[in-house]
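Colleague: One file is attached below, target-v6.cif, containing mmCIF, C-alpha atoms.
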```
data_start
loop_
_atom_site.label_atom_id
_atom_site.label_comp_id
_atom_site.auth_asym_id
_atom_site.auth_seq_id
_atom_site.Cartn_x
_atom_site.Cartn_y
_atom_site.Cartn_z
CA MET C 14 75.45 100.79 84.19
CA LYS C 15 75.60 97.99 81.61
CA THR C 16 78.70 96.32 80.28
CA TYR C 17 79.07 96.48 76.51
CA VAL C 18 79.61 93.11 74.83
CA ALA C 19 80.58 93.18 71.16
CA SER C 20 78.76 90.94 68.71
CA PRO C 21 80.33 89.61 65.49
CA SER C 22 78.34 92.13 63.41
CA ASP C 23 79.89 95.08 65.35
CA ILE C 24 83.46 94.14 64.45
CA SER C 25 85.47 95.93 61.76
CA ARG C 26 88.83 94.50 60.79
CA LYS C 27 91.91 96.42 59.64
CA TRP C 28 95.24 95.32 58.20
CA TYR C 29 98.56 96.28 59.81
CA LEU C 30 102.13 95.88 58.50
CA ILE C 31 105.11 95.41 60.82
CA ASP C 32 108.76 95.35 59.73
CA ALA C 33 110.57 92.98 62.11
CA THR C 34 114.09 94.20 61.28
CA ASP C 35 116.10 94.53 64.53
CA VAL C 36 112.95 94.30 66.70
CA VAL C 37 113.27 92.31 69.94
CA LEU C 38 111.31 89.06 69.53
CA GLY C 39 109.39 89.14 72.82
CA ARG C 40 108.29 92.75 72.41
CA LEU C 41 107.26 92.07 68.81
CA ALA C 42 105.24 89.01 69.86
CA VAL C 43 103.37 90.97 72.55
CA VAL C 44 102.29 93.63 70.03
CA ILE C 45 101.28 91.04 67.43
CA ALA C 46 99.29 88.99 69.96
CA SER C 47 97.51 92.12 71.17
CA TYR C 48 96.49 93.19 67.67
CA VAL C 49 95.51 89.68 66.56
CA ARG C 50 93.30 89.26 69.65
CA GLY C 51 91.84 92.78 69.39
CA LYS C 52 92.93 93.96 72.83
CA HIS C 53 93.89 97.36 71.40
CA LYS C 54 90.23 98.11 70.63
CA ALA C 55 87.80 99.79 73.01
CA TYR C 56 85.14 97.14 72.43
CA PHE C 57 87.39 94.12 73.14
CA THR C 58 85.37 91.08 74.21
CA PRO C 59 87.39 88.02 75.32
CA SER C 60 84.94 85.46 73.94
CA ILE C 61 84.63 87.06 70.46
CA ASP C 62 87.29 87.17 67.74
CA CYS C 63 87.55 90.95 67.31
CA GLY C 64 91.21 91.16 66.24
CA ASP C 65 92.83 92.61 63.13
CA ASN C 66 95.03 91.08 60.45
CA VAL C 67 98.77 91.60 60.96
CA VAL C 68 101.42 91.15 58.25
CA ILE C 69 105.01 90.75 59.45
CA VAL C 70 107.89 91.07 56.96
CA ASN C 71 111.65 90.46 57.40
CA ALA C 72 111.04 87.72 59.97
CA GLU C 73 114.60 86.44 59.63
CA LYS C 74 116.04 89.76 60.89
CA ILE C 75 114.60 89.80 64.43
CA ALA C 76 116.83 90.62 67.39
CA LEU C 77 117.31 88.44 70.46
CA THR C 78 118.67 89.74 73.75
CA GLY C 79 121.22 88.01 75.93
CA ASN C 80 122.40 84.55 74.94
CA LYS C 81 119.05 83.37 73.60
CA TYR C 82 120.36 82.97 70.06
CA LYS C 83 122.39 79.88 71.00
CA ASN C 84 121.14 78.80 74.43
CA HIS C 85 117.32 79.11 74.41
CA LEU C 86 115.69 75.85 73.32
CA HIS C 87 112.21 75.15 71.97
CA TYR C 88 110.91 71.66 72.67
CA HIS C 89 108.29 69.57 70.89
CA HIS C 90 107.32 65.93 71.21
CA THR C 91 106.78 63.55 68.31
CA GLY C 92 104.23 61.46 70.19
CA TYR C 93 106.47 58.41 70.45
CA PRO C 94 108.28 57.25 73.62
CA GLY C 95 111.51 59.20 73.98
CA GLY C 96 110.50 61.47 71.11
CA ILE C 97 111.29 64.86 72.63
CA LYS C 98 113.08 67.16 70.18
CA SER C 99 114.65 70.56 70.70
CA LYS C 100 115.81 73.45 68.51
CA SER C 101 117.72 76.59 69.40
CA TYR C 102 116.92 79.99 67.89
CA GLU C 103 120.12 79.62 65.88
CA ASP C 104 118.72 76.47 64.22
CA ILE C 105 115.32 78.08 63.65
CA LEU C 106 116.55 81.39 62.21
CA GLU C 107 119.18 79.81 59.96
CA GLY C 108 116.94 76.93 58.88
CA LYS C 109 114.24 76.57 56.23
CA ARG C 110 111.50 78.42 58.14
CA PRO C 111 112.90 81.42 60.09
CA GLN C 112 109.35 82.81 60.47
CA GLN C 113 108.70 79.93 62.89
CA ALA C 114 110.41 81.89 65.70
CA ILE C 115 107.72 84.60 65.57
CA GLU C 116 104.93 82.07 65.06
CA LEU C 117 105.96 80.07 68.15
CA ALA C 118 106.25 83.18 70.33
CA VAL C 119 102.81 84.52 69.35
CA LYS C 120 101.14 81.11 69.49
CA ARG C 121 101.98 80.85 73.17
CA MET C 122 100.43 84.28 73.88
CA VAL C 123 96.95 83.67 72.45
CA PRO C 124 94.27 81.50 74.09
CA LYS C 125 94.45 77.78 73.57
CA GLY C 126 91.46 76.27 71.77
CA PRO C 127 89.24 77.08 68.79
CA LEU C 128 89.18 80.86 69.42
CA GLY C 129 93.00 81.09 69.60
CA ARG C 130 93.42 79.03 66.43
CA GLU C 131 90.99 81.34 64.62
CA GLN C 132 92.91 84.41 65.84
CA LEU C 133 96.26 82.98 64.73
CA LYS C 134 94.95 82.67 61.16
CA LYS C 135 95.01 86.49 60.99
CA MET C 136 98.80 86.59 61.49
CA HIS C 137 100.80 86.44 58.23
CA VAL C 138 104.59 86.12 58.65
CA TYR C 139 106.95 86.41 55.66
CA VAL C 140 110.69 86.11 55.11
CA GLY C 141 111.99 89.07 53.12
CA GLY C 142 110.50 92.48 52.53
CA THR C 143 107.66 91.55 50.18
CA HIS C 144 104.19 90.20 50.90
CA PRO C 145 101.09 89.40 48.80
CA HIS C 146 98.71 91.63 50.80
CA GLU C 147 99.27 94.96 49.04
CA ALA C 148 95.64 95.03 47.85
CA GLN C 149 94.43 95.28 51.47
CA LYS C 150 96.47 98.50 51.96
CA PRO C 151 97.87 97.67 55.42
CA GLU C 152 98.69 100.51 57.82
CA ILE C 153 102.33 100.56 58.95
CA LEU C 154 102.96 100.00 62.67
CA ASP C 155 106.33 101.42 63.71
CA LEU C 156 107.39 99.71 66.93
CA GLN C 157 110.28 102.17 67.45
CA ILE C 158 107.74 104.95 68.04
CA MET C 159 105.84 102.84 70.60
CA ASN C 160 108.90 102.27 72.81
CA LYS C 161 112.61 102.86 72.22
CA LYS C 162 113.44 99.46 73.77
CA ASN C 163 111.59 97.63 70.99
CA LYS C 164 114.45 97.96 68.48
CA ARG C 165 118.00 96.84 69.13
CA GLU C 166 121.01 97.06 66.89
CA LYS C 167 122.67 93.69 66.26
CA LYS C 168 126.22 93.35 67.55
#
```
Before anything else, please render the file you have as structure tokens.

Modeller:
Amino acid sequence: MKTYVASPSDISRKWYLIDATDVVLGRLAVVIASYVRGKHKAYFTPSIDCGDNVVIVNAEKIALTGNKYKNHLHYHHTGYPGGIKSKSYEDILEGKRPQQAIELAVKRMVPKGPLGREQLKKMHVYVGGTHPHEAQKPEILDLQIMNKKNKREKK
């Protein structure tokens, strides 16, 4: 029995639309990373970019469980001595780029290197309910149907 390995000519790409309103961030990031990498396809090959394009709208309305909104910190380093910086989800979601919360979560779930950077280019995150990809006719992915734990009502 031979193992099937997909080649770039075998790959067909689709567009998917996800509404992030009241969706738990970690569960949303897992689904996005899976679709961007192509792991939901039968012919998934780890060394080939066989993922689909994913459009995420309403990025500022994600839900966080527990005390992550104020207590969970994201660190980055400026490159200078003593240049470590941190931001909480509160700062990210109420700042200029609330879509950065989803981008950071998904970025850490895809492979590091040239293949992962190429896969991340297929993720399009937008604040608000509109997006410029209507011409591609994206299919709607409803995360509530996938698992009831994916959506939480904000308190």

Colleague: I'd like to see the residues matched by the PyMOL selection byres ((chain C and resi 134) around 12) on this file, and ideally I'd get them as a list in words.

Modeller: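 For this structure, the PyMOL selection byres ((chain C and resi 134) around 12) resolves to Ala46, Val49, Arg50, Asp62, Gly64, Asp65, Asn66, Val67, Val68, Glu116, Val119, Lys120, Val123, Pro127, Leu128, Gly129, Arg130, Glu131, Gln132, Leu133, Lys135, Met136, His137 and Val138 of chain C.
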
Colleague: Which one is closest to Gly39 of chain C: C:Arg110, C:His53, C:Arg121, C:His144? Count only C-alpha atoms.

Modeller: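 Among the listed residues, the smallest separation from Gly39 of chain C belongs to C:Arg121.
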
Colleague: As a check of understanding, name the residues that the PyMOL selection byres ((chain C and resi 55-61) around 8) selects in the supplied structure, as a PyMOL selection string.

Modeller: chain C and resi 17-21+51-54+62-63+128

Colleague: Mind giving me the axis-aligned box for segment 51-66 of chain C with 4 Å on every side, centre plus edges in Å to one decimal, as JSON?

Modeller:
```
{"center_x": 89.8, "center_y": 92.6, "center_z": 67.9, "size_x": 18.4, "size_y": 22.3, "size_z": 22.9}
```

Colleague: Taking into account all atoms listed in the file, which residue in the set C:Lys161, C:Lys81, C:His87, C:Lys74 is nearest to Ala118 of chain C?

Modeller: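 Smallest separation from Ala118 of chain C among the options: C:His87.
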
Colleague: Please work out which residues fall within 12 Å of (109.6, 93.5, 73.2), coordinates as given in the file, with only C-alpha atoms counting, and return them as a list in words.

Modeller: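 The residues that fall inside the cut-off are Ala33, Asp35, Val36, Val37, Leu38, Gly39, Arg40, Leu41, Ala42, Val43, Val44, Ile45, Ala46, Ile75, Ala76, Leu77, Thr78, Ile115, Ala118, Val119, Leu156, Gln157, Met159, Asn160, Lys161, Lys162, Asn163, Lys164 and Arg165 of chain C.
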
Colleague: Counting all atoms listed in the file, select every polymer residue within 9 Å of (112.0, 81.0, 65.5) as defined in the file's coordinates, and provide the selection as a list in words.

Modeller: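 It turns out the residues near that spot are Ala72, Glu73, His87, Lys100, Ser101, Tyr102, Glu103, Asp104, Ile105, Leu106, Arg110, Pro111, Gln112, Gln113, Ala114, Ile115, Glu116, Leu117 and Ala118 of chain C.
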
Colleague: Suppose you want the space between atom CA of Leu30 of chain C and atom CA of Lys150 of chain C; what is it in Å?

Modeller: 9.0 Å

Colleague: Would you mind reading off the distance between atom CA of Ile153 of chain C and atom CA of Ser25 of chain C, one decimal, in Å?

Modeller: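 Atom CA of Ser25 of chain C lies 17.7 Å from atom CA of Ile153 of chain C.
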
Colleague: Using all atoms listed in the file, which of the listed residues (C:Leu154, C:Glu107, C:Lys125, C:Glu166) sits closest to Tyr48 of chain C?

Modeller: C:Leu154

Colleague: Rounded to one decimal in Å, what is the spacing between atom CA of Ile158 of chain C and atom CA of Ile24 of chain C?

Modeller: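 Calculated distance between atom CA of Ile158 of chain C and atom CA of Ile24 of chain C is 26.8 Å.
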
Colleague: Restricting the calculation to all atoms listed in the file: of C:Gly96, C:Lys15, C:Ile31, C:Asn71, which residue gets closest to Asp155 of chain C?

Modeller: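 The shortest atom-to-atom distance to Asp155 of chain C comes from C:Ile31.
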
Colleague: Which residues are close to Tyr88 of chain C, i.e. within 8 Å by all atoms listed in the file, leaving aside same-chain residues fewer than 5 positions away? Reply as a compact mmCIF listing (two decimals) with C-alpha atoms, in the coordinates of the input.

Modeller:
```
# COMPACT_ATOMS: atom_id res chain seq x y z
CA ILE C 97 111.29 64.86 72.63
CA LYS C 98 113.08 67.16 70.18
CA SER C 99 114.65 70.56 70.70
CA LYS C 100 115.81 73.45 68.51
```

Colleague: Any chance you could turn segment 131-147 of chain C into a file with all heavy atoms, as an mmCIF file, in the first residue's frame?

Modeller:
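The resulting file, selection_21.cif, is reproduced below:
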```cif
data_model
loop_
_atom_site.group_PDB
_atom_site.id
_atom_site.type_symbol
_atom_site.label_atom_id
_atom_site.label_comp_id
_atom_site.auth_asym_id
_atom_site.auth_seq_id
_atom_site.Cartn_x
_atom_site.Cartn_y
_atom_site.Cartn_z
ATOM 1 N N GLU C 131 3.669 31.378 4.989
ATOM 2 C CA GLU C 131 2.835 31.309 3.790
ATOM 3 C C GLU C 131 1.395 30.944 4.152
ATOM 4 O O GLU C 131 0.440 31.469 3.582
ATOM 5 C CB GLU C 131 3.421 30.284 2.816
ATOM 6 C CG GLU C 131 2.905 30.391 1.415
ATOM 7 C CD GLU C 131 3.267 31.711 0.736
ATOM 8 O OE1 GLU C 131 4.338 32.261 1.009
ATOM 9 O OE2 GLU C 131 2.432 32.198 -0.047
ATOM 10 N N GLN C 132 1.212 30.046 5.118
ATOM 11 C CA GLN C 132 -0.127 29.652 5.539
ATOM 12 C C GLN C 132 -0.843 30.787 6.255
ATOM 13 O O GLN C 132 -2.052 30.965 6.097
ATOM 14 C CB GLN C 132 -0.041 28.421 6.438
ATOM 15 C CG GLN C 132 0.375 27.182 5.687
ATOM 16 C CD GLN C 132 0.715 26.012 6.587
ATOM 17 O OE1 GLN C 132 0.925 26.180 7.792
ATOM 18 N NE2 GLN C 132 0.775 24.826 6.018
ATOM 19 N N LEU C 133 -0.124 31.579 7.031
ATOM 20 C CA LEU C 133 -0.743 32.684 7.756
ATOM 21 C C LEU C 133 -1.248 33.781 6.818
ATOM 22 O O LEU C 133 -2.130 34.553 7.186
ATOM 23 C CB LEU C 133 0.235 33.288 8.759
ATOM 24 C CG LEU C 133 0.362 32.530 10.075
ATOM 25 C CD1 LEU C 133 1.440 33.154 10.928
ATOM 26 C CD2 LEU C 133 -0.951 32.512 10.818
ATOM 27 N N LYS C 134 -0.709 33.868 5.616
ATOM 28 C CA LYS C 134 -1.165 34.870 4.658
ATOM 29 C C LYS C 134 -2.590 34.587 4.186
ATOM 30 O O LYS C 134 -3.242 35.465 3.617
ATOM 31 C CB LYS C 134 -0.240 34.930 3.454
ATOM 32 C CG LYS C 134 1.102 35.536 3.768
ATOM 33 C CD LYS C 134 1.999 35.520 2.557
ATOM 34 C CE LYS C 134 3.392 36.008 2.912
ATOM 35 N NZ LYS C 134 4.311 35.902 1.772
ATOM 36 N N LYS C 135 -3.083 33.367 4.415
ATOM 37 C CA LYS C 135 -4.432 33.008 3.997
ATOM 38 C C LYS C 135 -5.477 33.290 5.075
ATOM 39 O O LYS C 135 -6.640 32.981 4.909
ATOM 40 C CB LYS C 135 -4.459 31.537 3.594
ATOM 41 C CG LYS C 135 -3.634 31.257 2.347
ATOM 42 C CD LYS C 135 -3.887 29.913 1.769
ATOM 43 C CE LYS C 135 -3.667 28.772 2.687
ATOM 44 N NZ LYS C 135 -2.313 28.482 3.073
ATOM 45 N N MET C 136 -5.051 33.881 6.197
ATOM 46 C CA MET C 136 -5.963 34.262 7.270
ATOM 47 C C MET C 136 -6.198 35.771 7.181
ATOM 48 O O MET C 136 -5.256 36.553 7.187
ATOM 49 C CB MET C 136 -5.363 33.911 8.632
ATOM 50 C CG MET C 136 -6.221 34.334 9.785
ATOM 51 S SD MET C 136 -5.504 33.962 11.387
ATOM 52 C CE MET C 136 -4.090 35.032 11.416
ATOM 53 N N HIS C 137 -7.464 36.177 7.087
ATOM 54 C CA HIS C 137 -7.827 37.586 6.953
ATOM 55 C C HIS C 137 -8.754 37.943 8.107
ATOM 56 O O HIS C 137 -9.894 37.469 8.157
ATOM 57 C CB HIS C 137 -8.523 37.838 5.614
ATOM 58 C CG HIS C 137 -7.804 37.234 4.445
ATOM 59 N ND1 HIS C 137 -6.740 37.850 3.837
ATOM 60 C CD2 HIS C 137 -7.966 36.047 3.802
ATOM 61 C CE1 HIS C 137 -6.300 37.088 2.846
ATOM 62 N NE2 HIS C 137 -7.030 35.983 2.810
ATOM 63 N N VAL C 138 -8.269 38.773 9.042
ATOM 64 C CA VAL C 138 -9.029 39.117 10.239
ATOM 65 C C VAL C 138 -9.467 40.573 10.145
ATOM 66 O O VAL C 138 -8.650 41.450 9.847
ATOM 67 C CB VAL C 138 -8.175 38.902 11.510
ATOM 68 C CG1 VAL C 138 -9.017 39.107 12.752
ATOM 69 C CG2 VAL C 138 -7.557 37.517 11.516
ATOM 70 N N TYR C 139 -10.770 40.831 10.407
ATOM 71 C CA TYR C 139 -11.318 42.177 10.294
ATOM 72 C C TYR C 139 -12.122 42.548 11.531
ATOM 73 O O TYR C 139 -12.816 41.718 12.117
ATOM 74 C CB TYR C 139 -12.219 42.297 9.060
ATOM 75 C CG TYR C 139 -11.466 42.065 7.782
ATOM 76 C CD1 TYR C 139 -11.563 40.844 7.118
ATOM 77 C CD2 TYR C 139 -10.645 43.045 7.257
ATOM 78 C CE1 TYR C 139 -10.852 40.620 5.949
ATOM 79 C CE2 TYR C 139 -9.930 42.834 6.095
ATOM 80 C CZ TYR C 139 -10.041 41.625 5.445
ATOM 81 O OH TYR C 139 -9.332 41.407 4.299
ATOM 82 N N VAL C 140 -12.029 43.824 11.901
ATOM 83 C CA VAL C 140 -12.855 44.376 12.968
ATOM 84 C C VAL C 140 -14.161 44.828 12.317
ATOM 85 O O VAL C 140 -14.140 45.450 11.258
ATOM 86 C CB VAL C 140 -12.141 45.564 13.639
ATOM 87 C CG1 VAL C 140 -13.019 46.206 14.690
ATOM 88 C CG2 VAL C 140 -10.830 45.105 14.237
ATOM 89 N N GLY C 141 -15.278 44.502 12.929
ATOM 90 C CA GLY C 141 -16.572 44.847 12.347
ATOM 91 C C GLY C 141 -17.104 43.712 11.498
ATOM 92 O O GLY C 141 -16.442 42.696 11.278
ATOM 93 N N GLY C 142 -18.302 43.890 10.994
ATOM 94 C CA GLY C 142 -18.989 42.820 10.273
ATOM 95 C C GLY C 142 -18.770 42.803 8.773
ATOM 96 O O GLY C 142 -19.303 41.939 8.090
ATOM 97 N N THR C 143 -18.008 43.736 8.233
ATOM 98 C CA THR C 143 -17.805 43.777 6.786
ATOM 99 C C THR C 143 -16.393 43.336 6.421
ATOM 100 O O THR C 143 -15.475 43.435 7.231
ATOM 101 C CB THR C 143 -18.028 45.207 6.243
ATOM 102 O OG1 THR C 143 -17.086 46.079 6.876
ATOM 103 C CG2 THR C 143 -19.439 45.671 6.530
ATOM 104 N N HIS C 144 -16.257 42.853 5.191
ATOM 105 C CA HIS C 144 -14.945 42.438 4.683
ATOM 106 C C HIS C 144 -14.937 42.615 3.170
ATOM 107 O O HIS C 144 -15.993 42.606 2.532
ATOM 108 C CB HIS C 144 -14.655 40.981 5.062
ATOM 109 C CG HIS C 144 -15.630 39.998 4.514
ATOM 110 N ND1 HIS C 144 -15.491 39.434 3.276
ATOM 111 C CD2 HIS C 144 -16.778 39.517 5.024
ATOM 112 C CE1 HIS C 144 -16.514 38.622 3.053
ATOM 113 N NE2 HIS C 144 -17.318 38.657 4.099
ATOM 114 N N PRO C 145 -13.758 42.772 2.567
ATOM 115 C CA PRO C 145 -13.677 43.022 1.127
ATOM 116 C C PRO C 145 -13.599 41.760 0.269
ATOM 117 O O PRO C 145 -13.209 41.835 -0.887
ATOM 118 C CB PRO C 145 -12.384 43.839 0.999
ATOM 119 C CG PRO C 145 -11.541 43.357 2.114
ATOM 120 C CD PRO C 145 -12.488 43.045 3.232
ATOM 121 N N HIS C 146 -13.984 40.609 0.800
ATOM 122 C CA HIS C 146 -13.833 39.351 0.072
ATOM 123 C C HIS C 146 -15.170 38.763 -0.376
ATOM 124 O O HIS C 146 -15.303 37.552 -0.510
ATOM 125 C CB HIS C 146 -13.085 38.327 0.935
ATOM 126 C CG HIS C 146 -11.752 38.808 1.402
ATOM 127 N ND1 HIS C 146 -10.672 38.902 0.570
ATOM 128 C CD2 HIS C 146 -11.338 39.244 2.613
ATOM 129 C CE1 HIS C 146 -9.641 39.370 1.242
ATOM 130 N NE2 HIS C 146 -10.027 39.589 2.495
ATOM 131 N N GLU C 147 -16.155 39.600 -0.610
ATOM 132 C CA GLU C 147 -17.469 39.125 -1.056
ATOM 133 C C GLU C 147 -17.396 38.460 -2.428
ATOM 134 O O GLU C 147 -18.162 37.550 -2.731
ATOM 135 C CB GLU C 147 -18.470 40.279 -1.104
ATOM 136 C CG GLU C 147 -18.852 40.821 0.262
ATOM 137 C CD GLU C 147 -19.600 39.818 1.103
ATOM 138 O OE1 GLU C 147 -20.300 38.942 0.553
ATOM 139 O OE2 GLU C 147 -19.484 39.906 2.339
#
```
